[in-house]
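Undergrad: Provided below: coords-v1.cif, containing mmCIF, C-alpha atoms.
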data_start
loop_
_atom_site.label_atom_id
_atom_site.label_comp_id
_atom_site.auth_asym_id
_atom_site.auth_seq_id
_atom_site.Cartn_x
_atom_site.Cartn_y
_atom_site.Cartn_z
CA ALA A 1 -21.67 -1.06 25.70
CA LYS A 2 -17.92 -0.49 25.43
CA PRO A 3 -15.33 0.47 22.81
CA ALA A 4 -13.57 -2.13 20.69
CA LEU A 5 -10.39 -3.60 22.13
CA LEU A 6 -8.47 -1.70 19.42
CA THR A 7 -10.02 1.45 18.00
CA ASN A 8 -9.16 4.77 16.39
CA GLN A 9 -11.98 6.56 18.22
CA THR A 10 -10.99 8.97 20.99
CA THR A 11 -14.49 8.89 22.50
CA ALA A 12 -15.49 5.91 24.64
CA ALA A 13 -19.04 5.17 25.82
CA PHE A 14 -19.77 2.59 28.54
CA SER A 15 -23.04 1.27 29.82
CA PHE A 16 -23.15 -1.09 32.80
CA SER A 17 -25.81 -2.78 34.87
CA ALA A 18 -26.30 -4.68 38.12
CA ASN A 19 -28.69 -7.41 39.25
CA GLU A 20 -30.28 -5.15 41.90
CA ASP A 21 -30.76 -1.49 42.74
CA CYS A 22 -27.30 0.03 43.17
CA THR A 23 -25.22 3.13 42.96
CA PHE A 24 -22.15 3.02 40.76
CA GLU A 25 -18.68 4.45 40.92
CA TYR A 26 -16.29 4.46 38.01
CA LYS A 27 -12.82 5.62 37.06
CA ILE A 28 -10.63 5.72 33.97
CA ASP A 29 -6.89 5.12 34.07
CA ASP A 30 -5.34 6.76 37.14
CA ASN A 31 -8.10 9.29 37.71
CA ASP A 32 -10.19 9.41 40.88
CA TRP A 33 -13.34 7.38 41.45
CA GLN A 34 -16.48 9.27 40.46
CA GLN A 35 -20.15 8.79 41.29
CA ASP A 36 -22.60 7.90 38.52
CA TYR A 37 -25.78 9.90 39.09
CA ASN A 38 -27.99 8.16 36.57
CA THR A 39 -31.51 7.87 38.01
CA GLU A 40 -31.82 4.27 36.84
CA ARG A 41 -30.63 2.49 39.97
CA SER A 42 -29.62 -0.73 38.16
CA LEU A 43 -28.14 0.89 35.04
CA GLY A 44 -25.16 3.22 34.51
CA ILE A 45 -23.94 5.17 31.48
CA VAL A 46 -20.77 7.23 31.10
CA ILE A 47 -19.00 8.81 28.11
CA PHE A 48 -15.36 9.93 27.89
CA ASN A 49 -14.22 12.39 25.21
CA GLU A 50 -10.85 13.40 23.73
CA LEU A 51 -8.95 10.45 25.15
CA ALA A 52 -5.25 10.19 24.44
CA GLU A 53 -3.75 7.61 22.12
CA GLY A 54 -2.55 4.45 23.86
CA ARG A 55 -3.84 1.87 26.35
CA HIS A 56 -6.67 2.69 28.77
CA ILE A 57 -8.44 0.96 31.64
CA PHE A 58 -12.03 1.54 32.77
CA GLN A 59 -13.21 0.34 36.18
CA VAL A 60 -16.69 0.32 37.64
CA LYS A 61 -18.06 -0.98 40.94
CA ALA A 62 -21.57 -1.22 42.40
CA LYS A 63 -22.89 -0.52 45.92
CA ASP A 64 -26.29 -1.85 46.94
CA ILE A 65 -28.78 -0.24 49.34
CA PHE A 66 -27.30 -2.24 52.22
CA GLY A 67 -23.82 -0.81 51.68
CA ASN A 68 -22.31 -3.92 50.10
CA ILE A 69 -19.65 -2.97 47.56
CA GLY A 70 -18.65 -5.38 44.80
CA GLU A 71 -15.19 -5.84 43.36
CA PRO A 72 -14.39 -3.48 40.46
CA THR A 73 -15.04 -4.79 36.96
CA LEU A 74 -12.22 -3.85 34.59
CA TYR A 75 -12.06 -3.26 30.85
CA PHE A 76 -8.86 -2.62 28.90
CA TRP A 77 -8.69 -1.17 25.38
CA GLU A 78 -6.25 0.67 23.12
CA ILE A 79 -6.63 3.81 21.01
CA ASP A 80 -4.52 4.04 17.85
CA THR A 81 -5.28 7.05 15.68
CA ALA A 82 -2.51 6.94 13.06
CA ILE A 83 -0.61 4.65 10.75
CA GLU A 84 2.68 5.37 9.00
CA SER A 85 2.44 6.14 5.29
CA PRO A 86 4.08 3.45 3.15
CA SER A 87 6.31 3.88 0.11
CA LEU A 88 6.48 1.86 -3.09
CA ARG A 89 8.99 1.01 -5.80
CA PHE A 90 9.11 -1.18 -8.90
CA VAL A 91 11.88 -3.76 -9.11
CA ASP A 92 13.20 -6.41 -11.48
CA SER A 93 13.79 -10.08 -10.71
CA ASN A 94 16.97 -9.13 -8.82
CA ASN A 95 15.08 -6.57 -6.70
CA SER A 96 16.85 -3.67 -8.41
CA PRO A 97 14.73 -0.55 -9.03
CA ILE A 98 13.37 -0.13 -12.56
CA LEU A 99 11.80 2.77 -14.46
CA TYR A 100 10.71 0.90 -17.61
CA THR A 101 8.91 -2.36 -18.31
CA ASN A 102 7.56 -4.27 -21.32
CA VAL A 103 5.11 -6.37 -19.27
CA GLN A 104 1.93 -5.25 -17.51
CA ARG A 105 2.40 -7.26 -14.33
CA VAL A 106 5.39 -5.80 -12.50
CA LYS A 107 7.11 -6.75 -9.28
CA ILE A 108 6.84 -4.26 -6.41
CA GLU A 109 8.36 -3.63 -3.00
CA ILE A 110 6.54 -1.76 -0.23
CA PHE A 111 8.25 -0.10 2.73
CA ASN A 112 7.12 1.48 6.05
CA GLU A 113 4.22 -0.95 6.41
CA LYS A 114 4.87 -2.78 9.67
CA GLU A 115 1.44 -1.88 11.09
CA ALA A 116 -0.47 -2.79 7.93
CA SER A 117 -3.34 -5.26 7.89
CA GLY A 118 -4.55 -4.12 4.46
CA TRP A 119 -2.96 -2.71 1.29
CA PHE A 120 -4.51 -0.59 -1.45
CA ILE A 121 -2.62 -0.01 -4.72
CA SER A 122 -4.05 2.02 -7.59
CA GLU A 123 -3.23 4.25 -10.54
CA ASN A 124 -5.93 6.58 -9.16
CA SER A 125 -4.61 9.19 -6.71
CA PHE A 126 -7.97 9.48 -4.89
CA PRO A 127 -7.73 8.02 -1.34
CA PRO A 128 -9.60 4.74 -0.84
CA ALA A 129 -12.67 4.26 1.32
CA LEU A 130 -12.34 2.03 4.37
CA ASP A 131 -14.91 -0.43 2.98
CA SER A 132 -13.60 -0.52 -0.61
CA PRO A 133 -13.62 -4.09 -2.02
CA ASP A 134 -10.20 -3.43 -3.59
CA TRP A 135 -8.30 -3.62 -0.31
CA LEU A 136 -5.79 -6.50 -0.27
CA PHE A 137 -5.33 -8.49 2.93
CA THR A 138 -2.23 -10.37 1.83
CA ARG A 139 0.96 -8.36 1.31
CA PRO A 140 1.19 -7.73 -2.46
CA VAL A 141 4.36 -8.59 -4.37
CA ASP A 142 3.29 -7.40 -7.83
CA PHE A 143 0.83 -5.06 -9.53
CA LEU A 144 -1.05 -5.25 -12.84
CA LEU A 145 -0.63 -2.00 -14.78
CA SER A 146 -3.40 -0.70 -17.03
CA GLY A 147 -2.89 -1.63 -20.67
CA ASN A 148 -2.33 1.77 -22.26
CA GLN A 149 1.28 2.55 -23.13
CA GLY A 150 3.39 5.23 -21.50
CA LEU A 151 4.13 6.68 -18.08
CA LYS A 152 2.25 5.22 -15.10
CA ILE A 153 2.01 6.64 -11.59
CA VAL A 154 0.95 4.09 -9.00
CA TYR A 155 -0.16 5.01 -5.47
CA VAL A 156 -0.14 2.95 -2.26
CA TRP A 157 -2.04 3.18 1.02
CA THR A 158 -2.21 0.88 4.04
CA LYS A 159 -4.71 0.45 6.86
CA ASP A 160 -4.23 -1.07 10.29
CA ALA A 161 -6.32 -3.18 12.64
CA ALA A 162 -7.74 -0.02 14.24
CA GLU A 163 -9.08 0.98 10.79
CA ASN A 164 -6.70 3.90 10.32
CA ILE A 165 -5.81 4.61 6.68
CA SER A 166 -2.38 6.08 5.92
CA LYS A 167 -2.58 9.79 5.19
CA LEU A 168 -0.35 9.97 2.12
CA GLY A 169 -0.84 8.06 -1.11
CA ASN A 170 2.88 7.79 -1.81
CA SER A 171 3.66 6.86 -5.38
CA ALA A 172 6.16 5.37 -7.81
CA SER A 173 6.34 5.86 -11.56
CA ILE A 174 7.16 3.47 -14.37
CA THR A 175 6.89 3.57 -18.16
CA LEU A 176 5.10 0.71 -19.91
CA ASP A 177 6.15 -0.09 -23.48
CA THR A 178 4.97 -3.43 -24.86
CA LEU A 179 5.18 -2.46 -28.55
CA THR A 180 8.05 -3.69 -30.71
CA PRO A 181 9.95 -0.95 -32.59
CA GLU A 182 9.27 -0.43 -36.28
CA LEU A 183 12.44 -1.34 -38.20
CA SER A 184 13.37 -0.23 -41.71
CA ILE A 185 16.33 -1.18 -43.94
CA ASN A 186 17.34 2.03 -45.67
CA ASP A 187 20.49 1.15 -47.68
CA LYS A 188 21.14 -2.29 -49.12
CA PRO A 189 22.77 -3.96 -52.16
CA ALA A 190 20.83 -4.54 -55.35
CA LEU A 191 18.87 -7.79 -55.60
CA LEU A 192 21.37 -8.95 -58.22
CA THR A 193 24.91 -7.53 -58.13
CA ASN A 194 28.54 -8.33 -59.00
CA GLN A 195 29.81 -6.65 -55.82
CA THR A 196 31.26 -8.85 -53.09
CA SER A 197 30.77 -6.17 -50.48
CA ALA A 198 27.36 -5.37 -48.98
CA ALA A 199 26.54 -2.28 -46.94
CA PHE A 200 23.35 -1.99 -44.93
CA SER A 201 21.90 0.87 -42.95
CA PHE A 202 18.78 0.46 -40.87
CA SER A 203 16.74 2.58 -38.51
CA ALA A 204 14.03 2.22 -35.91
CA SER A 205 11.06 4.31 -34.81
CA GLU A 206 12.57 4.80 -31.33
CA ASP A 207 15.86 4.49 -29.48
CA CYS A 208 17.05 0.90 -29.81
CA THR A 209 19.97 -1.44 -29.86
CA PHE A 210 20.34 -3.64 -32.94
CA GLU A 211 21.45 -7.19 -33.61
CA TYR A 212 22.14 -8.52 -37.10
CA LYS A 213 23.25 -11.69 -38.87
CA ILE A 214 24.06 -12.79 -42.42
CA ASP A 215 23.20 -16.22 -43.78
CA ASP A 216 23.70 -18.89 -41.11
CA ASP A 217 26.16 -16.92 -39.00
CA ALA A 218 25.42 -16.09 -35.36
CA TRP A 219 23.62 -12.92 -34.30
CA GLN A 220 25.93 -10.00 -33.54
CA GLN A 221 25.53 -6.75 -31.66
CA ASP A 222 25.65 -3.45 -33.54
CA TYR A 223 27.67 -0.96 -31.49
CA ASN A 224 26.82 2.17 -33.42
CA THR A 225 26.34 5.06 -30.99
CA GLU A 226 23.25 6.32 -32.83
CA ARG A 227 20.49 4.60 -30.85
CA SER A 228 17.95 4.77 -33.68
CA LEU A 229 20.35 4.06 -36.58
CA GLY A 230 22.47 1.04 -37.46
CA ILE A 231 25.16 0.50 -40.11
CA VAL A 232 26.98 -2.69 -41.04
CA ILE A 233 29.27 -3.66 -43.97
CA PHE A 234 30.15 -7.18 -45.13
CA ASN A 235 33.23 -7.75 -47.30
CA GLU A 236 34.32 -10.62 -49.53
#
Could you render the structure as structure tokens?

TA:
Amino acid sequence: AKPALLTNQTTAAFSFSANEDCTFEYKIDDNDWQQDYNTERSLGIVIFNELAEGRHIFQVKAKDIFGNIGEPTLYFWEIDTAIESPSLRFVDSNNSPILYTNVQRVKIEIFNEKEASGWFISENSFPPALDSPDWLFTRPVDFLLSGNQGLKIVYVWTKDAAENISKLGNSASITLDTLTPELSINDKPALLTNQTSAAFSFSASEDCTFEYKIDDDAWQQDYNTERSLGIVIFNE
């Protein structure tokens, strides 16, 4: 028995055996050799607790009843107990940050993730379990928002090869609005008139910009400063 080559466990248990009755000596890192006093003469067991983060080496050697001492057997492993917490932002096609979107699938950028071997993105702030099936093992470039309209808060975690999960579920917010505004024409000329001028006013159910056209002319921008109200007048 031995720890994994890369682990987040600070306890390490070793069991070792020989092909004849022996005594064993072992050491970890730069510590002194110690005697294993297990009564099983061909089997040894040792446990180390509260080991420091980083690389470690375990060595063990056997001595038979005739005083023959074998070469030490070595085992290297690494303890990694933490992973940096990533951050997230929503961006447009030019990689500029955005706060609003009218599509559910939005482009994302993730930072502080150089140790990541898995990514977990969710609108739920509850930290993920290590064995959740929703972990992604390819770096994500977009995220599918839930369909309900309004403000969304999206959280991100990463995990590394040692199975550490980032501590913080850092988040980014975005507002989803996929509904077209409701538009009303408030003032307009009569259906039949002798006036060669026509004045229109129109309004929307939310802050908007307006474009308008008459007959076969091109669309034009309305530059009225009232974001929910538009006015335009045609003469002659």

Undergrad: What is the atom CA of Lys114 of chain A-atom CA of Glu84 of chain A distance in Å, reported with one decimal?

TA: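 Rounded to one decimal, the two atoms are 8.5 Å apart.
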
Undergrad: Report the residues retrieved by the PyMOL selection byres ((chain A and resi 97) around 12) from the displayed file, expressed as a PyMOL selection string.

TA: chain A and resi 88-96+98-101+106-109+172-174

Undergrad: Could you please determine the separation between atom CA of Tyr155 of chain A and atom CA of Val141 of chain A in Å, to one decimal place?

TA: 14.4 Å

Undergrad: Hey, can you pull every residue with an atom no more than 6 Å from (-16.6, -3.7, 41.3), using all atoms listed in the file, and send it as a ChimeraX atom specification?

TA: /A:60-62,70-73

Undergrad: Care to translate the PyMOL selection byres ((chain A and resi 11) around 7) into actual residues of this file, as a list in words?

TA: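 With the shown file as input, the PyMOL selection byres ((chain A and resi 11) around 7) matches Gln9, Thr10, Ala12, Ala13, Phe48, Asn49, Glu50 and Leu51 of chain A.
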
Undergrad: Calculate how many Å separate atom CA of Ile57 of chain A from atom CA of Ser42 of chain A, rounding to one decimal.

TA: 22.2 Å

Undergrad: Would you pick out the contacts of Glu236 of chain A at 12 Å or less, using only C-alpha atoms, so that residues sharing its chain but fewer than 3 positions from it are not included, and give the list as a PyMOL selection string?

TA: chain A and resi 194-199+233

Undergrad: Could you turn the residues from that selection into a file that holds C-alpha atoms, as an mmCIF file, in the coordinates of the input?

TA:
data_model
loop_
_atom_site.group_PDB
_atom_site.id
_atom_site.type_symbol
_atom_site.label_atom_id
_atom_site.label_comp_id
_atom_site.auth_asym_id
_atom_site.auth_seq_id
_atom_site.Cartn_x
_atom_site.Cartn_y
_atom_site.Cartn_z
ATOM 1 C CA ASN A 194 28.540 -8.330 -59.000
ATOM 2 C CA GLN A 195 29.810 -6.650 -55.820
ATOM 3 C CA THR A 196 31.260 -8.850 -53.090
ATOM 4 C CA SER A 197 30.770 -6.170 -50.480
ATOM 5 C CA ALA A 198 27.360 -5.370 -48.980
ATOM 6 C CA ALA A 199 26.540 -2.280 -46.940
ATOM 7 C CA ILE A 233 29.270 -3.660 -43.970
#

Undergrad: Identify all residues satisfying the PyMOL selection byres ((chain A and resi 30-33) around 10) in the given file; provide them as a list in words.

TA: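 Taken on the displayed file, the PyMOL selection byres ((chain A and resi 30-33) around 10) yields the residues Phe24, Glu25, Tyr26, Lys27, Ile28, Asp29, Gln34, Gln35, Asp36, His56, Ile57, Phe58, Gln59, Val60 and Lys61 of chain A.
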
Undergrad: Mind dumping the selected residues with C-alpha atoms as an mmCIF file, in the coordinates of the input?

TA:
data_model
loop_
_atom_site.group_PDB
_atom_site.id
_atom_site.type_symbol
_atom_site.label_atom_id
_atom_site.label_comp_id
_atom_site.auth_asym_id
_atom_site.auth_seq_id
_atom_site.Cartn_x
_atom_site.Cartn_y
_atom_site.Cartn_z
ATOM 1 C CA PHE A 24 -22.150 3.020 40.760
ATOM 2 C CA GLU A 25 -18.680 4.450 40.920
ATOM 3 C CA TYR A 26 -16.290 4.460 38.010
ATOM 4 C CA LYS A 27 -12.820 5.620 37.060
ATOM 5 C CA ILE A 28 -10.630 5.720 33.970
ATOM 6 C CA ASP A 29 -6.890 5.120 34.070
ATOM 7 C CA GLN A 34 -16.480 9.270 40.460
ATOM 8 C CA GLN A 35 -20.150 8.790 41.290
ATOM 9 C CA ASP A 36 -22.600 7.900 38.520
ATOM 10 C CA HIS A 56 -6.670 2.690 28.770
ATOM 11 C CA ILE A 57 -8.440 0.960 31.640
ATOM 12 C CA PHE A 58 -12.030 1.540 32.770
ATOM 13 C CA GLN A 59 -13.210 0.340 36.180
ATOM 14 C CA VAL A 60 -16.690 0.320 37.640
ATOM 15 C CA LYS A 61 -18.060 -0.980 40.940
#

Undergrad: Which polymer residues, whether protein, DNA or RNA, lie within 12 Å of the coordinate (-8.2, 2.9, 20.0) when you count all atoms listed in the file? List them as a PDB file with C-alpha atoms, in the coordinates of the input, using the chain letters and numbers from the file.

TA:
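Final output, saved to part_7.pdb:
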ATOM      1  CA  LYS A   2     -17.920  -0.490  25.430  1.00  0.00           C
ATOM      2  CA  PRO A   3     -15.330   0.470  22.810  1.00  0.00           C
ATOM      3  CA  ALA A   4     -13.570  -2.130  20.690  1.00  0.00           C
ATOM      4  CA  LEU A   5     -10.390  -3.600  22.130  1.00  0.00           C
ATOM      5  CA  LEU A   6      -8.470  -1.700  19.420  1.00  0.00           C
ATOM      6  CA  THR A   7     -10.020   1.450  18.000  1.00  0.00           C
ATOM      7  CA  ASN A   8      -9.160   4.770  16.390  1.00  0.00           C
ATOM      8  CA  GLN A   9     -11.980   6.560  18.220  1.00  0.00           C
ATOM      9  CA  THR A  10     -10.990   8.970  20.990  1.00  0.00           C
ATOM     10  CA  THR A  11     -14.490   8.890  22.500  1.00  0.00           C
ATOM     11  CA  ALA A  12     -15.490   5.910  24.640  1.00  0.00           C
ATOM     12  CA  GLU A  50     -10.850  13.400  23.730  1.00  0.00           C
ATOM     13  CA  LEU A  51      -8.950  10.450  25.150  1.00  0.00           C
ATOM     14  CA  ALA A  52      -5.250  10.190  24.440  1.00  0.00           C
ATOM     15  CA  GLU A  53      -3.750   7.610  22.120  1.00  0.00           C
ATOM     16  CA  GLY A  54      -2.550   4.450  23.860  1.00  0.00           C
ATOM     17  CA  ARG A  55      -3.840   1.870  26.350  1.00  0.00           C
ATOM     18  CA  HIS A  56      -6.670   2.690  28.770  1.00  0.00           C
ATOM     19  CA  ILE A  57      -8.440   0.960  31.640  1.00  0.00           C
ATOM     20  CA  PHE A  76      -8.860  -2.620  28.900  1.00  0.00           C
ATOM     21  CA  TRP A  77      -8.690  -1.170  25.380  1.00  0.00           C
ATOM     22  CA  GLU A  78      -6.250   0.670  23.120  1.00  0.00           C
ATOM     23  CA  ILE A  79      -6.630   3.810  21.010  1.00  0.00           C
ATOM     24  CA  ASP A  80      -4.520   4.040  17.850  1.00  0.00           C
ATOM     25  CA  THR A  81      -5.280   7.050  15.680  1.00  0.00           C
ATOM     26  CA  ALA A  82      -2.510   6.940  13.060  1.00  0.00           C
ATOM     27  CA  ASP A 160      -4.230  -1.070  10.290  1.00  0.00           C
ATOM     28  CA  ALA A 161      -6.320  -3.180  12.640  1.00  0.00           C
ATOM     29  CA  ALA A 162      -7.740  -0.020  14.240  1.00  0.00           C
ATOM     30  CA  GLU A 163      -9.080   0.980  10.790  1.00  0.00           C
ATOM     31  CA  ASN A 164      -6.700   3.900  10.320  1.00  0.00           C
TER      32      ASN A 164
END

Undergrad: Produce the centre coordinates and the three edge lengths, each in Å to one decimal, of the box along x, y and z that contains all listed atoms of segment 203-209 of chain A with 8 Å added on each side, as lines of an AutoDock Vina configuration file.

TA:
center_x = 15.5
center_y = 1.7
center_z = -34.0
size_x = 24.9
size_y = 22.2
size_z = 25.0

Undergrad: Pick out the residues sitting within 7 Å of Ser87 of chain A, and hand them over as number ranges by chain; count only C-alpha atoms, and ignore anything fewer than 3 positions along from it in its own chain.

TA: A: 110-112, 156, 170-171

Undergrad: Using only C-alpha atoms, which protein or nucleic acid residues come within 8 Å of Ile165 of chain A? Drop anything in the same chain fewer than 4 positions from it, and give the result as a PyMOL selection string.

TA: chain A and resi 82-83+130+157-160

Undergrad: Got a minute to add N, CA, C and O atoms to segment 40-58 of chain A and dump it as a PDB file, in the coordinates of the input?

TA:
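This is the output file part.pdb:
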ATOM      1  N   GLU A  40     -31.538   5.697  36.896  1.00  0.00           N
ATOM      2  CA  GLU A  40     -31.820   4.270  36.840  1.00  0.00           C
ATOM      3  C   GLU A  40     -30.898   3.550  37.818  1.00  0.00           C
ATOM      4  O   GLU A  40     -29.696   3.473  37.599  1.00  0.00           O
ATOM      5  N   ARG A  41     -31.448   2.999  38.882  1.00  0.00           N
ATOM      6  CA  ARG A  41     -30.630   2.490  39.970  1.00  0.00           C
ATOM      7  C   ARG A  41     -29.892   1.200  39.618  1.00  0.00           C
ATOM      8  O   ARG A  41     -28.973   0.817  40.319  1.00  0.00           O
ATOM      9  N   SER A  42     -30.317   0.502  38.529  1.00  0.00           N
ATOM     10  CA  SER A  42     -29.620  -0.730  38.160  1.00  0.00           C
ATOM     11  C   SER A  42     -28.861  -0.579  36.842  1.00  0.00           C
ATOM     12  O   SER A  42     -28.367  -1.553  36.297  1.00  0.00           O
ATOM     13  N   LEU A  43     -28.770   0.652  36.335  1.00  0.00           N
ATOM     14  CA  LEU A  43     -28.140   0.890  35.040  1.00  0.00           C
ATOM     15  C   LEU A  43     -27.268   2.134  35.106  1.00  0.00           C
ATOM     16  O   LEU A  43     -27.687   3.163  35.653  1.00  0.00           O
ATOM     17  N   GLY A  44     -26.057   2.078  34.549  1.00  0.00           N
ATOM     18  CA  GLY A  44     -25.160   3.220  34.510  1.00  0.00           C
ATOM     19  C   GLY A  44     -24.662   3.496  33.107  1.00  0.00           C
ATOM     20  O   GLY A  44     -24.482   2.570  32.311  1.00  0.00           O
ATOM     21  N   ILE A  45     -24.443   4.752  32.788  1.00  0.00           N
ATOM     22  CA  ILE A  45     -23.940   5.170  31.480  1.00  0.00           C
ATOM     23  C   ILE A  45     -22.922   6.275  31.695  1.00  0.00           C
ATOM     24  O   ILE A  45     -23.161   7.208  32.482  1.00  0.00           O
ATOM     25  N   VAL A  46     -21.781   6.188  31.007  1.00  0.00           N
ATOM     26  CA  VAL A  46     -20.770   7.230  31.100  1.00  0.00           C
ATOM     27  C   VAL A  46     -20.053   7.331  29.756  1.00  0.00           C
ATOM     28  O   VAL A  46     -19.868   6.321  29.067  1.00  0.00           O
ATOM     29  N   ILE A  47     -19.680   8.550  29.384  1.00  0.00           N
ATOM     30  CA  ILE A  47     -19.000   8.810  28.110  1.00  0.00           C
ATOM     31  C   ILE A  47     -17.741   9.628  28.387  1.00  0.00           C
ATOM     32  O   ILE A  47     -17.790  10.624  29.128  1.00  0.00           O
ATOM     33  N   PHE A  48     -16.637   9.202  27.791  1.00  0.00           N
ATOM     34  CA  PHE A  48     -15.360   9.930  27.890  1.00  0.00           C
ATOM     35  C   PHE A  48     -15.009  10.483  26.512  1.00  0.00           C
ATOM     36  O   PHE A  48     -15.119   9.769  25.505  1.00  0.00           O
ATOM     37  N   ASN A  49     -14.569  11.725  26.473  1.00  0.00           N
ATOM     38  CA  ASN A  49     -14.220  12.390  25.210  1.00  0.00           C
ATOM     39  C   ASN A  49     -12.752  12.787  25.197  1.00  0.00           C
ATOM     40  O   ASN A  49     -12.138  13.000  26.247  1.00  0.00           O
ATOM     41  N   GLU A  50     -12.207  12.901  23.957  1.00  0.00           N
ATOM     42  CA  GLU A  50     -10.850  13.400  23.730  1.00  0.00           C
ATOM     43  C   GLU A  50      -9.816  12.613  24.532  1.00  0.00           C
ATOM     44  O   GLU A  50      -8.920  13.193  25.173  1.00  0.00           O
ATOM     45  N   LEU A  51      -9.927  11.301  24.476  1.00  0.00           N
ATOM     46  CA  LEU A  51      -8.950  10.450  25.150  1.00  0.00           C
ATOM     47  C   LEU A  51      -7.647  10.423  24.371  1.00  0.00           C
ATOM     48  O   LEU A  51      -7.643  10.548  23.141  1.00  0.00           O
ATOM     49  N   ALA A  52      -6.569  10.226  25.076  1.00  0.00           N
ATOM     50  CA  ALA A  52      -5.250  10.190  24.440  1.00  0.00           C
ATOM     51  C   ALA A  52      -5.027   8.851  23.742  1.00  0.00           C
ATOM     52  O   ALA A  52      -5.654   7.831  24.084  1.00  0.00           O
ATOM     53  N   GLU A  53      -4.119   8.855  22.785  1.00  0.00           N
ATOM     54  CA  GLU A  53      -3.750   7.610  22.120  1.00  0.00           C
ATOM     55  C   GLU A  53      -3.011   6.712  23.103  1.00  0.00           C
ATOM     56  O   GLU A  53      -2.274   7.168  23.973  1.00  0.00           O
ATOM     57  N   GLY A  54      -3.222   5.402  22.987  1.00  0.00           N
ATOM     58  CA  GLY A  54      -2.550   4.450  23.860  1.00  0.00           C
ATOM     59  C   GLY A  54      -3.528   3.544  24.573  1.00  0.00           C
ATOM     60  O   GLY A  54      -4.713   3.470  24.241  1.00  0.00           O
ATOM     61  N   ARG A  55      -3.034   2.824  25.592  1.00  0.00           N
ATOM     62  CA  ARG A  55      -3.840   1.870  26.350  1.00  0.00           C
ATOM     63  C   ARG A  55      -4.601   2.579  27.474  1.00  0.00           C
ATOM     64  O   ARG A  55      -4.077   3.505  28.100  1.00  0.00           O
ATOM     65  N   HIS A  56      -5.833   2.123  27.712  1.00  0.00           N
ATOM     66  CA  HIS A  56      -6.670   2.690  28.770  1.00  0.00           C
ATOM     67  C   HIS A  56      -7.320   1.568  29.558  1.00  0.00           C
ATOM     68  O   HIS A  56      -7.472   0.441  29.063  1.00  0.00           O
ATOM     69  N   ILE A  57      -7.707   1.901  30.801  1.00  0.00           N
ATOM     70  CA  ILE A  57      -8.440   0.960  31.640  1.00  0.00           C
ATOM     71  C   ILE A  57      -9.644   1.683  32.236  1.00  0.00           C
ATOM     72  O   ILE A  57      -9.524   2.807  32.742  1.00  0.00           O
ATOM     73  N   PHE A  58     -10.800   1.035  32.146  1.00  0.00           N
ATOM     74  CA  PHE A  58     -12.030   1.540  32.770  1.00  0.00           C
ATOM     75  C   PHE A  58     -12.417   0.589  33.879  1.00  0.00           C
ATOM     76  O   PHE A  58     -12.379  -0.636  33.711  1.00  0.00           O
TER      77      PHE A  58
END
